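In what follows, a single structure is set out as structure tokens and then discussed.
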Amino acid sequence: SFIMSFTIYDIVTPPRWNGFQNYISLFTDFQFWQALKVTTIYSLGSVVLGIVASLAIALLLNRNVRGISVFRTIFYLPSVISGVAVSLLWMWIFNPDFGVINFLLWKLFGIQGPGWIASKEWVLPSLILMSLWGIGGGIVIYLARLQGIPTELYEAAEIDGANSWRKILNISLPMMTPVIFFELVIGIINSFQVFTQAYVMTDGGPNYASLFYVLYLYRNGFRYYRMGYASAIAWVLFIILLVLTLILLRTSNKWVHYES
């Protein structure tokens, strides 16, 4: 694909050498910059919201109460459903005319709901909100780490008079930072590769408001048959993710705390 990114290739005819023209064309491609903007905003919103929500739920599920295993299963189950099925479900939920959310808003509060995925202003917040559906995997990882924190740390804090919030802030969160770091890196990588939701639910609309990066890559490669240009887009994505990951790795020693 790297070699192909320097060619003009329509799958049918043999590739023709094009030098750096594919990469140069990206700088003046409106849809490329729109896709990068949409994906960046989505990544910031979904990753931060996902980490906060999954960590908060994991703290709640780490309590020793009757039936807690049932609740753990309930929160994890949505993350194993296929992406297409989830997208179809949320299309119904977000439908501006007969969707569940707008129906409840009108019946319970008399509020006319927004257009959600049919609205240019609401489509991206809708997809960010939808991303919470798949936080079950992160919850399991956070929960496993929480159960591995030595209990004597909490006992020592109680002797010193620490309340529940103090124990979370001074013990749980610092001990959780390696897992938070892992989830942050994986979350950024996954969020930049979002495809199914946009392809099934909006196809990049309305007016390019949900044109995600990989969707634009797919369009160029398999709809417009510009495989060389699509390969250049893919390698730019690789460079972006590589740079972001290296920045996180270089800055992790300032906030990630290991037991050793």
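FYI, nothing fancy with the structure tokens labels: chains A, B, ... in order, residues from 1 per chain, ligands from 1 as they appear.
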- So which residues touch Ala230 (chain A) within 10 Å, counting only C-alpha atoms, skipping near sequence neighbours fewer than 2 positions away, as JSON, numbers by chain? {"A": [1, 4, 5, 9, 22, 214, 216, 217, 218, 219, 220, 221, 222, 224, 225, 226, 227, 228, 232, 233, 234, 235, 236]}
- Who sits within 9 Å of region 181-185 of chain A, only C-alpha atoms, same chain under 4 positions skipped, as an MDAnalysis selection string: chainID A and resid 47:48 51 138 141 176:177 189:190 244:245 248:249 252 256
Emit the selected residues as a PDB file, in the first residue's frame, including N, CA and C atoms.
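Result written to again.pdb:
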ATOM      1  N   VAL A  47     -13.528   9.491  23.454  1.00  0.00           N
ATOM      2  CA  VAL A  47     -12.492   8.891  24.303  1.00  0.00           C
ATOM      3  C   VAL A  47     -12.595   9.419  25.739  1.00  0.00           C
ATOM      4  N   VAL A  48     -12.711  10.735  25.881  1.00  0.00           N
ATOM      5  CA  VAL A  48     -12.821  11.316  27.225  1.00  0.00           C
ATOM      6  C   VAL A  48     -14.100  10.843  27.919  1.00  0.00           C
ATOM      7  N   ILE A  51     -13.827   7.050  28.840  1.00  0.00           N
ATOM      8  CA  ILE A  51     -12.961   6.760  29.984  1.00  0.00           C
ATOM      9  C   ILE A  51     -13.639   7.155  31.292  1.00  0.00           C
ATOM     10  N   GLY A 138     -14.055  -1.746  28.414  1.00  0.00           N
ATOM     11  CA  GLY A 138     -13.259  -0.912  29.310  1.00  0.00           C
ATOM     12  C   GLY A 138     -13.647  -1.093  30.760  1.00  0.00           C
ATOM     13  N   ILE A 141     -11.932  -4.131  32.181  1.00  0.00           N
ATOM     14  CA  ILE A 141     -10.502  -3.907  32.427  1.00  0.00           C
ATOM     15  C   ILE A 141     -10.295  -3.058  33.681  1.00  0.00           C
ATOM     16  N   MET A 176      -4.819   3.336  39.216  1.00  0.00           N
ATOM     17  CA  MET A 176      -5.498   2.996  37.964  1.00  0.00           C
ATOM     18  C   MET A 176      -4.838   3.634  36.744  1.00  0.00           C
ATOM     19  N   THR A 177      -3.891   4.536  36.939  1.00  0.00           N
ATOM     20  CA  THR A 177      -3.332   5.283  35.802  1.00  0.00           C
ATOM     21  C   THR A 177      -2.696   4.399  34.720  1.00  0.00           C
ATOM     22  N   ILE A 189      -6.757   5.251  19.030  1.00  0.00           N
ATOM     23  CA  ILE A 189      -6.553   4.466  17.801  1.00  0.00           C
ATOM     24  C   ILE A 189      -7.891   3.999  17.237  1.00  0.00           C
ATOM     25  N   ASN A 190      -8.761   3.469  18.102  1.00  0.00           N
ATOM     26  CA  ASN A 190     -10.058   2.968  17.634  1.00  0.00           C
ATOM     27  C   ASN A 190     -10.966   4.090  17.135  1.00  0.00           C
ATOM     28  N   LEU A 244       0.641  10.577  17.644  1.00  0.00           N
ATOM     29  CA  LEU A 244      -0.164  10.706  18.866  1.00  0.00           C
ATOM     30  C   LEU A 244       0.258   9.679  19.913  1.00  0.00           C
ATOM     31  N   THR A 245       0.509   8.456  19.478  1.00  0.00           N
ATOM     32  CA  THR A 245       0.925   7.412  20.413  1.00  0.00           C
ATOM     33  C   THR A 245       2.291   7.721  21.022  1.00  0.00           C
ATOM     34  N   LEU A 248       1.905  10.409  23.682  1.00  0.00           N
ATOM     35  CA  LEU A 248       1.359   9.847  24.925  1.00  0.00           C
ATOM     36  C   LEU A 248       2.420   9.051  25.673  1.00  0.00           C
ATOM     37  N   LEU A 249       3.228   8.284  24.952  1.00  0.00           N
ATOM     38  CA  LEU A 249       4.281   7.495  25.595  1.00  0.00           C
ATOM     39  C   LEU A 249       5.330   8.394  26.247  1.00  0.00           C
ATOM     40  N   SER A 252       3.794  10.044  29.411  1.00  0.00           N
ATOM     41  CA  SER A 252       3.154   9.166  30.402  1.00  0.00           C
ATOM     42  C   SER A 252       3.902   9.137  31.735  1.00  0.00           C
ATOM     43  N   VAL A 256       1.519   8.707  34.877  1.00  0.00           N
ATOM     44  CA  VAL A 256       1.245   7.292  35.071  1.00  0.00           C
ATOM     45  C   VAL A 256       2.113   6.748  36.193  1.00  0.00           C
TER      46      VAL A 256
END
Surrounding residues of region 29-32 of chain A excluding itself and chain neighbours under 3 positions, 8 Å, only C-alpha atoms, as a PDB file with N, CA and C atoms, in the first residue's frame:
ATOM      1  N   SER A  25      -2.007  16.481  -3.190  1.00  0.00           N
ATOM      2  CA  SER A  25      -3.434  16.753  -3.425  1.00  0.00           C
ATOM      3  C   SER A  25      -4.237  16.789  -2.134  1.00  0.00           C
ATOM      4  N   LEU A  26      -3.775  16.081  -1.112  1.00  0.00           N
ATOM      5  CA  LEU A  26      -4.493  16.062   0.162  1.00  0.00           C
ATOM      6  C   LEU A  26      -4.581  17.447   0.788  1.00  0.00           C
ATOM      7  N   ALA A  35     -12.993  15.413   6.872  1.00  0.00           N
ATOM      8  CA  ALA A  35     -12.964  14.094   7.505  1.00  0.00           C
ATOM      9  C   ALA A  35     -12.022  14.080   8.706  1.00  0.00           C
ATOM     10  N   LEU A  36     -10.864  14.745   8.570  1.00  0.00           N
ATOM     11  CA  LEU A  36      -9.915  14.821   9.679  1.00  0.00           C
ATOM     12  C   LEU A  36     -10.498  15.623  10.847  1.00  0.00           C
ATOM     13  N   TYR A 208     -21.703  16.414   4.866  1.00  0.00           N
ATOM     14  CA  TYR A 208     -20.359  16.004   5.297  1.00  0.00           C
ATOM     15  C   TYR A 208     -20.140  16.151   6.811  1.00  0.00           C
ATOM     16  N   LEU A 211     -18.641  12.832   8.003  1.00  0.00           N
ATOM     17  CA  LEU A 211     -17.694  12.201   7.084  1.00  0.00           C
ATOM     18  C   LEU A 211     -16.434  11.819   7.864  1.00  0.00           C
ATOM     19  N   TYR A 213     -12.905   9.768   8.781  1.00  0.00           N
ATOM     20  CA  TYR A 213     -11.675   9.594   8.018  1.00  0.00           C
ATOM     21  C   TYR A 213     -11.672   8.274   7.245  1.00  0.00           C
ATOM     22  N   TYR A 216     -14.099   8.182   4.359  1.00  0.00           N
ATOM     23  CA  TYR A 216     -13.586   8.879   3.181  1.00  0.00           C
ATOM     24  C   TYR A 216     -12.530   8.027   2.476  1.00  0.00           C
TER      25      TYR A 216
END
- Task: For Ile93 (chain A), please output as a list in words all residues within 12 Å (counting only C-alpha atoms; exclusion window: fewer than 3 positions along the same chain).
- Result: Val86, Ser87, Leu88, Leu89, Trp90, Pro96, Asp97, Phe98, Gly99, Val100, Ile101, Asn102, Phe103, Leu104, Gly113, Gly115, Trp116, Ile117, Ser126, Leu127, Leu129, Met130 and Met201 of chain A
- Message: So that I can see what lies close to Arg72 (chain A), please list as a ChimeraX atom specification the residues with an atom at most 10 Å from it, counting only C-alpha atoms and leaving out residues fewer than 5 positions away in the same chain.
- Response: /A:57-58,60-62,67,77,136,139-140,143
Please produce an output containing all heavy atoms for each residue in the selection, written as a PDB file, in the first residue's frame.
ATOM      1  N   ILE A  57     -18.509   3.692  36.282  1.00  0.00           N
ATOM      2  CA  ILE A  57     -19.332   2.478  36.418  1.00  0.00           C
ATOM      3  C   ILE A  57     -18.526   1.351  37.055  1.00  0.00           C
ATOM      4  O   ILE A  57     -19.043   0.581  37.872  1.00  0.00           O
ATOM      5  CB  ILE A  57     -19.883   2.061  35.042  1.00  0.00           C
ATOM      6  CG1 ILE A  57     -20.860   3.124  34.527  1.00  0.00           C
ATOM      7  CG2 ILE A  57     -20.583   0.707  35.122  1.00  0.00           C
ATOM      8  CD1 ILE A  57     -21.311   2.908  33.105  1.00  0.00           C
ATOM      9  N   ALA A  58     -17.233   1.243  36.702  1.00  0.00           N
ATOM     10  CA  ALA A  58     -16.390   0.213  37.309  1.00  0.00           C
ATOM     11  C   ALA A  58     -16.279   0.410  38.816  1.00  0.00           C
ATOM     12  O   ALA A  58     -16.285  -0.565  39.586  1.00  0.00           O
ATOM     13  CB  ALA A  58     -15.003   0.234  36.660  1.00  0.00           C
ATOM     14  N   LEU A  60     -18.559   1.686  40.717  1.00  0.00           N
ATOM     15  CA  LEU A  60     -19.836   1.251  41.273  1.00  0.00           C
ATOM     16  C   LEU A  60     -19.948  -0.271  41.301  1.00  0.00           C
ATOM     17  O   LEU A  60     -20.505  -0.845  42.241  1.00  0.00           O
ATOM     18  CB  LEU A  60     -20.994   1.835  40.465  1.00  0.00           C
ATOM     19  CG  LEU A  60     -21.188   3.351  40.538  1.00  0.00           C
ATOM     20  CD1 LEU A  60     -22.268   3.792  39.558  1.00  0.00           C
ATOM     21  CD2 LEU A  60     -21.566   3.769  41.962  1.00  0.00           C
ATOM     22  N   LEU A  61     -19.410  -0.928  40.264  1.00  0.00           N
ATOM     23  CA  LEU A  61     -19.510  -2.385  40.171  1.00  0.00           C
ATOM     24  C   LEU A  61     -18.462  -3.091  41.025  1.00  0.00           C
ATOM     25  O   LEU A  61     -18.454  -4.331  41.079  1.00  0.00           O
ATOM     26  CB  LEU A  61     -19.352  -2.823  38.708  1.00  0.00           C
ATOM     27  CG  LEU A  61     -20.458  -2.376  37.743  1.00  0.00           C
ATOM     28  CD1 LEU A  61     -20.134  -2.826  36.328  1.00  0.00           C
ATOM     29  CD2 LEU A  61     -21.812  -2.935  38.175  1.00  0.00           C
ATOM     30  N   ASN A  62     -17.608  -2.333  41.672  1.00  0.00           N
ATOM     31  CA  ASN A  62     -16.566  -2.928  42.513  1.00  0.00           C
ATOM     32  C   ASN A  62     -17.015  -3.095  43.958  1.00  0.00           C
ATOM     33  O   ASN A  62     -16.203  -3.297  44.841  1.00  0.00           O
ATOM     34  CB  ASN A  62     -15.302  -2.051  42.464  1.00  0.00           C
ATOM     35  CG  ASN A  62     -14.089  -2.758  43.041  1.00  0.00           C
ATOM     36  OD1 ASN A  62     -13.903  -3.959  42.825  1.00  0.00           O
ATOM     37  ND2 ASN A  62     -13.261  -2.027  43.771  1.00  0.00           N
ATOM     38  N   GLY A  67     -26.011  -9.814  44.053  1.00  0.00           N
ATOM     39  CA  GLY A  67     -26.386  -9.711  42.645  1.00  0.00           C
ATOM     40  C   GLY A  67     -25.475  -8.840  41.805  1.00  0.00           C
ATOM     41  O   GLY A  67     -25.827  -8.491  40.675  1.00  0.00           O
ATOM     42  N   LEU A  77     -22.548  -6.865  28.288  1.00  0.00           N
ATOM     43  CA  LEU A  77     -23.195  -7.488  27.132  1.00  0.00           C
ATOM     44  C   LEU A  77     -23.282  -6.601  25.881  1.00  0.00           C
ATOM     45  O   LEU A  77     -23.039  -7.079  24.774  1.00  0.00           O
ATOM     46  CB  LEU A  77     -24.596  -7.969  27.513  1.00  0.00           C
ATOM     47  CG  LEU A  77     -24.682  -9.367  28.140  1.00  0.00           C
ATOM     48  CD1 LEU A  77     -26.128  -9.685  28.518  1.00  0.00           C
ATOM     49  CD2 LEU A  77     -24.151 -10.425  27.179  1.00  0.00           C
ATOM     50  N   GLY A 136     -18.401  -1.482  27.665  1.00  0.00           N
ATOM     51  CA  GLY A 136     -18.352  -2.662  28.531  1.00  0.00           C
ATOM     52  C   GLY A 136     -16.973  -3.277  28.636  1.00  0.00           C
ATOM     53  O   GLY A 136     -16.563  -3.734  29.709  1.00  0.00           O
ATOM     54  N   ILE A 139     -14.939  -1.262  31.015  1.00  0.00           N
ATOM     55  CA  ILE A 139     -15.412  -1.473  32.394  1.00  0.00           C
ATOM     56  C   ILE A 139     -14.779  -2.719  32.987  1.00  0.00           C
ATOM     57  O   ILE A 139     -14.337  -2.725  34.140  1.00  0.00           O
ATOM     58  CB  ILE A 139     -16.950  -1.571  32.414  1.00  0.00           C
ATOM     59  CG1 ILE A 139     -17.581  -0.213  32.086  1.00  0.00           C
ATOM     60  CG2 ILE A 139     -17.446  -2.066  33.768  1.00  0.00           C
ATOM     61  CD1 ILE A 139     -19.087  -0.264  31.914  1.00  0.00           C
ATOM     62  N   VAL A 140     -14.724  -3.790  32.191  1.00  0.00           N
ATOM     63  CA  VAL A 140     -14.139  -5.048  32.681  1.00  0.00           C
ATOM     64  C   VAL A 140     -12.663  -4.859  33.028  1.00  0.00           C
ATOM     65  O   VAL A 140     -12.177  -5.355  34.062  1.00  0.00           O
ATOM     66  CB  VAL A 140     -14.312  -6.160  31.621  1.00  0.00           C
ATOM     67  CG1 VAL A 140     -13.505  -7.403  32.002  1.00  0.00           C
ATOM     68  CG2 VAL A 140     -15.780  -6.517  31.459  1.00  0.00           C
ATOM     69  N   LEU A 143     -12.373  -2.751  36.168  1.00  0.00           N
ATOM     70  CA  LEU A 143     -12.811  -3.534  37.321  1.00  0.00           C
ATOM     71  C   LEU A 143     -11.744  -4.529  37.756  1.00  0.00           C
ATOM     72  O   LEU A 143     -11.497  -4.717  38.961  1.00  0.00           O
ATOM     73  CB  LEU A 143     -14.108  -4.272  36.963  1.00  0.00           C
ATOM     74  CG  LEU A 143     -14.829  -5.012  38.088  1.00  0.00           C
ATOM     75  CD1 LEU A 143     -15.205  -4.061  39.210  1.00  0.00           C
ATOM     76  CD2 LEU A 143     -16.073  -5.709  37.551  1.00  0.00           C
TER      77      LEU A 143
END
- Item | Residue neighbourhood Ile149 (chain A), 9 Å, only C-alpha atoms, exclusion window fewer than 4 positions, as a list in words | Arg145, Leu153, Tyr154, Ile171, Ser172, Met175 and Met176 of chain A
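Every protein or nucleic acid residue with an atom no more than 9 Å from Ala157 (chain A), counting only C-alpha atoms and leaving out same-chain residues fewer than 6 positions away, appears here: Asn163, Arg166, Lys167 and Ile171 of chain A.
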- How would you write, as a count of residues only, the set of residues in region 8-253 of chain A that DSSP gives as alpha helix (DSSP H)? 148
